[in-house]
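Q: Here it is, the structure in full.
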Amino acid sequence: MKKFQVVGIGNAMVDVLAHAEDAFLDANGIGKGIMQLIDMDRAVALYDRIGPAREISGGSAANTIAGVAALGGRTAYVGKVKDDQLGRIFAHDLRAQGAVYETAFAPKDSAQETGRCIVLVTPDGERSMNTYLGWSEFLSPADIDDSQMADTDWIYLEGYRFDGPESHAAFAKAIDACKSAGGRASVTLSDPFCVERHRDAFRRMIREDLDLLFANRAELISMYQTADLDGALKAAVADVGIVVCTEGDRGAHVLAEGQHWQVPAVPTKIIDATGAGDLFAGAFLWGLTNGYGYERAARMGNLAASEVISHIGARPEADLRALFRAQGLI
């Protein structure tokens, strides 16, 4: 048995969550429902304009790993933060959840800071993300521990992390170390605009190196440039063995081993959609690594996603295992 079930690699971020009206988004040039990269000056300016905010450790893959840890999974995370207040908060919160986090802090005197994502939640529950990558952008192959990657069943790569000078090389190193030791590799596409920036590199990695692709409807259609989801699903499963695509309130699709499951969503009042896909992936991977099969793992994913969208913040507040037991999933 390997030490870890899942090791995630991504942008180590702290989320700054605030409510906003659509008019505020328009007035400040913020695209609704998407992630936009911003610099430190823009991050400071937006923070000064928003209303009351709540700071919560985040980062897409880190949220996924927090979900695996919350379920009792053996898990670890790799992502760069600075030795500053937000960086120490990030490290503490992830370790307190039960995940291993050993990535070296960037120096205190460095010009960049720990990354943060200003998440503006509109009354319909949609989230618009303004991301200052900070030190997370500078993840390099030196941050990848070959022995850790070799000692996990799965690695989970965050598509957002493709925005960085050495990220592709870091991912390649992690994939090689993991798969050479019999592990498997997965990626989440993260955002349609991320796909637009890196489509060729994503496609090559998916086809040549990966075992599982996570995406939502918009991301998958953008990836394969098809007219509809069915076409994108067919194209994806020709590239990779397992395809998992979420579709909001229409649930999730899983294609694997010649089968296609469409698993219904769990009806939930949306308070904050942040982290829905992250927690879906965490629960899905936990279910898969514990031998529950594709369809049941997707049901776990939908239930975990429903929990996280029922409150502010992208990490679970309820006992996910208790929720799974109540639904007869474990």
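Following the order of the structure tokens, chains are lettered A, B, ..., residues in each are numbered from 1, and ligands are numbered from 1.
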Determine, counting only C-alpha atoms, which protein, DNA and RNA residues have an atom within 9 Å of an atom of Ala142 in chain A; residues of the same chain fewer than 3 positions away are not included. Present the result as a list in words.
A: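 Result of the neighbour search: Leu139, Asp145 and Ala170 of chain A.
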Q: Taking N, CA, C and O atoms for each residue, export the selection above as a PDB file, in the first residue's frame.
A:
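So again_30.pdb came out as:
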```pdb
ATOM      1  N   LEU A 139       6.123  27.793  -8.891  1.00  0.00           N
ATOM      2  CA  LEU A 139       6.350  26.371  -8.650  1.00  0.00           C
ATOM      3  C   LEU A 139       7.299  25.850  -9.724  1.00  0.00           C
ATOM      4  O   LEU A 139       7.131  26.134 -10.911  1.00  0.00           O
ATOM      5  N   ASP A 145       8.938  16.452  -5.167  1.00  0.00           N
ATOM      6  CA  ASP A 145       9.682  15.385  -4.493  1.00  0.00           C
ATOM      7  C   ASP A 145       9.367  14.063  -5.197  1.00  0.00           C
ATOM      8  O   ASP A 145       8.256  13.548  -5.095  1.00  0.00           O
ATOM      9  N   ALA A 170       7.425  21.066 -14.108  1.00  0.00           N
ATOM     10  CA  ALA A 170       7.116  20.500 -12.796  1.00  0.00           C
ATOM     11  C   ALA A 170       6.072  19.391 -12.920  1.00  0.00           C
ATOM     12  O   ALA A 170       6.200  18.323 -12.298  1.00  0.00           O
TER      13      ALA A 170
END
```
Q: Excluding Lys80 in chain A and residues on its chain fewer than 3 positions from it, collect all residues at most 9 Å away from it, counting only C-alpha atoms, and give them as a PyMOL selection string.
A: chain A and resi 10-13+87+103-106+114-115+134-139+143
Q: Using only C-alpha atoms, which residues sit within 10 Å of range 124-130 of chain A once same-chain residues fewer than 6 positions away are excluded, as a PyMOL selection string?
A: chain A and resi 15-22+25+30-39+42-43+46+116-118+269-275+309-312
Q: So that I can check the surroundings of Ile56 in chain A, please list as number ranges by chain every protein, DNA and RNA residue that reaches within 9 Å of it, counting only C-alpha atoms and ignoring chain neighbours fewer than 4 positions away.
A: A: 14-17, 89-90, 93, 313-315
Q: Hey, can you spit out that residue selection with N, CA, C and O atoms as an mmCIF file, in the first residue's frame?
A:
```
data_model
loop_
_atom_site.group_PDB
_atom_site.id
_atom_site.type_symbol
_atom_site.label_atom_id
_atom_site.label_comp_id
_atom_site.auth_asym_id
_atom_site.auth_seq_id
_atom_site.Cartn_x
_atom_site.Cartn_y
_atom_site.Cartn_z
ATOM 1 N N VAL A 14 -4.993 31.964 -0.811
ATOM 2 C CA VAL A 14 -5.970 32.280 0.230
ATOM 3 C C VAL A 14 -7.119 33.014 -0.452
ATOM 4 O O VAL A 14 -6.897 33.968 -1.208
ATOM 5 N N ASP A 15 -8.337 32.545 -0.236
ATOM 6 C CA ASP A 15 -9.515 33.172 -0.831
ATOM 7 C C ASP A 15 -9.994 34.334 0.030
ATOM 8 O O ASP A 15 -10.086 34.211 1.259
ATOM 9 N N VAL A 16 -10.300 35.447 -0.619
ATOM 10 C CA VAL A 16 -10.926 36.595 0.035
ATOM 11 C C VAL A 16 -12.340 36.677 -0.525
ATOM 12 O O VAL A 16 -12.537 37.041 -1.682
ATOM 13 N N LEU A 17 -13.316 36.305 0.288
ATOM 14 C CA LEU A 17 -14.692 36.153 -0.180
ATOM 15 C C LEU A 17 -15.544 37.337 0.240
ATOM 16 O O LEU A 17 -15.541 37.750 1.403
ATOM 17 N N ILE A 89 -1.036 31.010 7.330
ATOM 18 C CA ILE A 89 -2.445 30.613 7.480
ATOM 19 C C ILE A 89 -2.754 29.453 6.542
ATOM 20 O O ILE A 89 -3.385 28.457 6.931
ATOM 21 N N PHE A 90 -2.309 29.572 5.288
ATOM 22 C CA PHE A 90 -2.553 28.513 4.314
ATOM 23 C C PHE A 90 -1.993 27.179 4.795
ATOM 24 O O PHE A 90 -2.688 26.159 4.786
ATOM 25 N N ASP A 93 -3.915 25.747 7.904
ATOM 26 C CA ASP A 93 -5.261 25.248 7.634
ATOM 27 C C ASP A 93 -5.222 23.902 6.920
ATOM 28 O O ASP A 93 -6.007 23.004 7.237
ATOM 29 N N GLY A 313 -17.535 29.700 1.306
ATOM 30 C CA GLY A 313 -16.247 29.028 1.456
ATOM 31 C C GLY A 313 -16.179 27.733 0.680
ATOM 32 O O GLY A 313 -17.195 27.067 0.451
ATOM 33 N N ALA A 314 -14.952 27.379 0.281
ATOM 34 C CA ALA A 314 -14.759 26.262 -0.641
ATOM 35 C C ALA A 314 -14.284 24.979 0.025
ATOM 36 O O ALA A 314 -13.803 24.074 -0.655
ATOM 37 N N ARG A 315 -14.419 24.891 1.341
ATOM 38 C CA ARG A 315 -14.025 23.670 2.043
ATOM 39 C C ARG A 315 -15.193 23.169 2.883
ATOM 40 O O ARG A 315 -16.013 23.957 3.360
#
```
Q: Let me make sure I understand: among A:Thr122, A:Gln5, A:Ser147, A:Ser110, which one has the smallest atom-to-atom distance to Ile65 in chain A if we use only C-alpha atoms?
A: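 Closest to Ile65 in chain A of all the choices is A:Gln5.
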